[in-house]
Each structure stands twice: as C-alpha cells, then as structure tokens.
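Q: Next up, upload_14.cif (mmCIF, C-alpha atoms).
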```cif
data_data
#
loop_
_atom_site.label_atom_id
_atom_site.label_comp_id
_atom_site.auth_asym_id
_atom_site.auth_seq_id
_atom_site.Cartn_x
_atom_site.Cartn_y
_atom_site.Cartn_z
CA MET A 24 -122.05 -9.94 157.69
CA LYS A 25 -118.74 -10.86 159.32
CA ARG A 26 -120.18 -14.09 160.76
CA ILE A 27 -121.67 -15.07 157.42
CA VAL A 28 -118.27 -14.74 155.77
CA GLN A 29 -116.61 -16.73 158.57
CA PHE A 30 -119.24 -19.45 158.30
CA ALA A 31 -118.77 -19.53 154.52
CA ILE A 32 -115.03 -20.07 155.01
CA ILE A 33 -115.62 -22.99 157.39
CA LEU A 34 -118.32 -24.44 155.14
CA SER A 35 -116.14 -24.19 152.05
CA ILE A 36 -113.32 -26.03 153.84
CA CYS A 37 -115.80 -28.74 154.85
CA ILE A 38 -117.01 -29.02 151.25
CA ALA A 39 -113.40 -29.20 150.05
CA GLY A 40 -112.78 -32.07 152.49
CA ASN A 41 -115.81 -33.94 151.15
CA ALA A 42 -114.72 -33.29 147.56
CA LEU A 43 -111.23 -34.55 148.41
CA HIS A 44 -112.76 -37.68 149.93
CA ASN A 45 -114.84 -38.32 146.80
CA PHE A 46 -111.96 -37.55 144.42
CA LEU A 47 -109.28 -39.62 146.16
CA ASN A 48 -111.67 -42.37 147.28
CA ILE A 49 -109.82 -42.89 150.57
CA PRO A 50 -111.36 -44.46 153.70
CA ILE A 51 -111.20 -41.22 155.72
CA PRO A 52 -114.49 -39.31 156.06
CA GLY A 53 -114.71 -36.00 154.24
CA SER A 54 -115.46 -34.15 157.46
CA VAL A 55 -112.19 -35.41 158.97
CA LEU A 56 -110.30 -34.42 155.83
CA GLY A 57 -111.90 -30.99 156.10
CA MET A 58 -110.70 -30.64 159.69
CA LEU A 59 -107.19 -31.70 158.65
CA LEU A 60 -107.33 -29.18 155.82
CA LEU A 61 -108.44 -26.48 158.27
CA LEU A 62 -105.59 -27.42 160.61
CA ALA A 63 -103.08 -27.25 157.75
CA LEU A 64 -104.38 -23.85 156.66
CA LEU A 65 -104.16 -22.51 160.22
CA LEU A 66 -100.67 -23.92 160.82
CA THR A 67 -99.28 -22.54 157.57
CA GLY A 68 -100.79 -19.12 158.20
CA ILE A 69 -102.82 -19.14 155.00
CA LEU A 70 -105.90 -18.86 157.19
CA LYS A 71 -105.69 -16.67 160.28
CA LEU A 72 -107.62 -17.64 163.41
CA SER A 73 -109.21 -14.20 163.47
CA MET A 74 -110.82 -15.01 160.10
CA ILE A 75 -113.01 -17.75 161.67
CA GLU A 76 -112.82 -17.11 165.41
CA ASP A 77 -116.30 -15.67 166.05
CA VAL A 78 -118.20 -18.46 164.29
CA SER A 79 -115.89 -21.10 165.75
CA ASN A 80 -116.58 -19.88 169.27
CA PHE A 81 -120.32 -19.83 168.54
CA LEU A 82 -120.25 -23.40 167.23
CA LEU A 83 -118.23 -24.62 170.20
CA LYS A 84 -120.56 -22.87 172.62
CA HIS A 85 -123.55 -24.69 171.11
CA LEU A 86 -121.80 -28.00 170.44
CA SER A 87 -124.26 -30.02 172.50
CA PHE A 88 -127.03 -29.32 169.97
CA PHE A 89 -125.09 -31.23 167.32
CA PHE A 90 -125.47 -34.44 169.33
CA ILE A 91 -129.28 -34.38 169.24
CA PRO A 92 -129.56 -36.14 165.83
CA ALA A 93 -127.21 -38.91 167.00
CA ALA A 94 -129.23 -39.39 170.20
CA VAL A 95 -132.50 -39.57 168.25
CA GLY A 96 -130.95 -42.09 165.88
CA LEU A 97 -129.84 -44.18 168.84
CA ILE A 98 -133.32 -44.11 170.33
CA THR A 99 -134.83 -45.40 167.09
CA CYS A 100 -132.39 -48.34 167.06
CA PHE A 101 -133.11 -49.76 170.54
CA SER A 102 -134.16 -53.09 169.05
CA VAL A 103 -130.77 -53.49 167.37
CA LEU A 104 -128.95 -52.79 170.65
CA GLU A 105 -131.05 -55.21 172.68
CA GLY A 106 -128.84 -57.70 174.51
CA LYS A 107 -125.65 -55.77 173.75
CA TRP A 108 -125.77 -53.27 176.61
CA ALA A 109 -122.82 -54.73 178.53
CA ALA A 110 -120.54 -54.50 175.50
CA LEU A 111 -121.78 -51.01 174.72
CA LEU A 112 -121.21 -49.86 178.29
CA PHE A 113 -117.72 -51.42 178.36
CA ILE A 114 -116.74 -49.76 175.08
CA SER A 115 -118.11 -46.41 176.30
CA VAL A 116 -116.19 -46.54 179.58
CA VAL A 117 -112.90 -47.68 178.00
CA SER A 118 -113.07 -45.11 175.18
CA THR A 119 -113.89 -42.34 177.68
CA ILE A 120 -110.86 -43.26 179.79
CA ILE A 121 -108.64 -43.30 176.71
CA ILE A 122 -109.93 -39.90 175.60
CA VAL A 123 -109.40 -38.37 179.05
CA VAL A 124 -105.84 -39.73 179.28
CA VAL A 125 -104.84 -38.66 175.76
CA THR A 126 -106.40 -35.21 176.21
CA GLY A 127 -104.63 -34.73 179.54
CA MET A 128 -101.29 -35.77 178.09
CA THR A 129 -101.77 -33.48 175.10
CA VAL A 130 -102.62 -30.49 177.30
CA GLN A 131 -99.60 -31.14 179.52
CA LEU A 132 -97.34 -31.40 176.48
CA LEU A 133 -98.67 -28.16 175.02
CA MET A 134 -98.33 -26.37 178.38
CA LYS A 135 -94.69 -27.50 178.67
CA ARG A 136 -94.03 -26.37 175.12
CA ARG A 137 -95.62 -22.97 175.79
CA ARG A 138 -93.52 -22.50 178.96
CA SER A 139 -90.32 -23.36 177.10
CA ILE A 140 -91.11 -20.80 174.39
CA GLU A 141 -91.79 -18.02 176.89
#
```
Represent the supplied structure as structure tokens.

A:
Amino acid sequence: MKRIVQFAIILSICIAGNALHNFLNIPIPGSVLGMLLLLALLLTGILKLSMIEDVSNFLLKHLSFFFIPAAVGLITCFSVLEGKWAALLFISVVSTIIIVVVTGMTVQLLMKRRRSIE
C-alpha cells in the first residue's frame, strides 16, 4: 500500500505539470514542469524524500525499460534517418561529451559544498 501511495504522489505531480503546461501554454513539456515542481516541493520541504523514496528507487533501478519505446520508434523510422547517420553520430557523441562534463562538474560542486557544510 505504501508504494501505491508513493506512486500516486509522483503521478499527481506529473499530472500537475501537464496541467500547468496546458494552462500556461508555455513551450516547456509538462513532464519537465512536473520534475521542476517535484524539485521545488522537495527543496521547500513540503514533500519529504521519504514520502517517495521507495518508488523513486524502483523506477531508477528499472530506468532502462523506459527507453524501449523510444528504441522501437527509432527502428520504425530508419527510412527517415537514411543518409543522415554521420550527423546523427556527431550529435550523439558531442551531446554525450557535454552531458559527461556537466554531470562531472555538478558532482564536484556538490561534493565541495557537502564538505564545506560538514
């Protein structure tokens, strides 16, 4: 029952993000607005991590399954991608490097901040 309640909390925040997207008509996807809303709720303390921790860990553990629909969609669009493989490969490599660098810098910043607090 605990996991159902936690999942309902996460789902309701996602629905609120989508509703906010539809209401404000802004060019940010509702799922991103939902994540920002979740972040704001966690940072303000309105929502405690313990209230969603079990389901969050479960979803993160099985994150790879969420990429299956995208991979199937990509497979069905091979004809559209024909002749564009070099550009696609270049964009993939560059974006991966950017993500690795930004993630590394963020982790280092957070580790320094944690050390200064302790």

Q: Find the residues near region 28-34 of chain A: any atom within 8 Å, counting all atoms listed in the file, skip ones fewer than 6 places away on the same chain, and give them as a list in words.

A: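 In the requested format, the answer is Met74, Ile75, Glu76, Asp77 and Val78 of chain A.
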
Q: Using only C-alpha atoms for the distances, tell me which of A:Lys25, A:Ser115, A:Leu97, A:Ser54 is nearest to Ala39 (chain A).

A: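 Looking at the shortest contact to Ala39 (chain A), the residue is A:Ser54.
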
Q: Nearest residue to Cys37 (chain A) out of A:Val123, A:Ile91, A:Ile49, A:Met58, using only C-alpha atoms?

A: A:Met58

Q: How would you write, as an NGL selection string, the residues chosen by the PyMOL selection byres ((chain A and resi 41) around 8) on this structure?

A: :A and (37-40 or 42-45 or 52-54 or 56-57)

Q: Using all atoms of region 59-66 of chain A listed in the file and a margin of 8 Å per side, can you give the axis-aligned box centre and edge lengths in Å to one decimal, as AutoDock Vina command-line options?

A:
```
--center_x -104.6 --center_y -27.1 --center_z 158.3 --size_x 23.8 --size_y 25.2 --size_z 21.0
```

Q: Report, in Å with one decimal, the straight-line distance from CA of Leu86 (chain A) to CA of Phe101 (chain A).

A: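 CA of Phe101 (chain A) lies 24.5 Å from CA of Leu86 (chain A).
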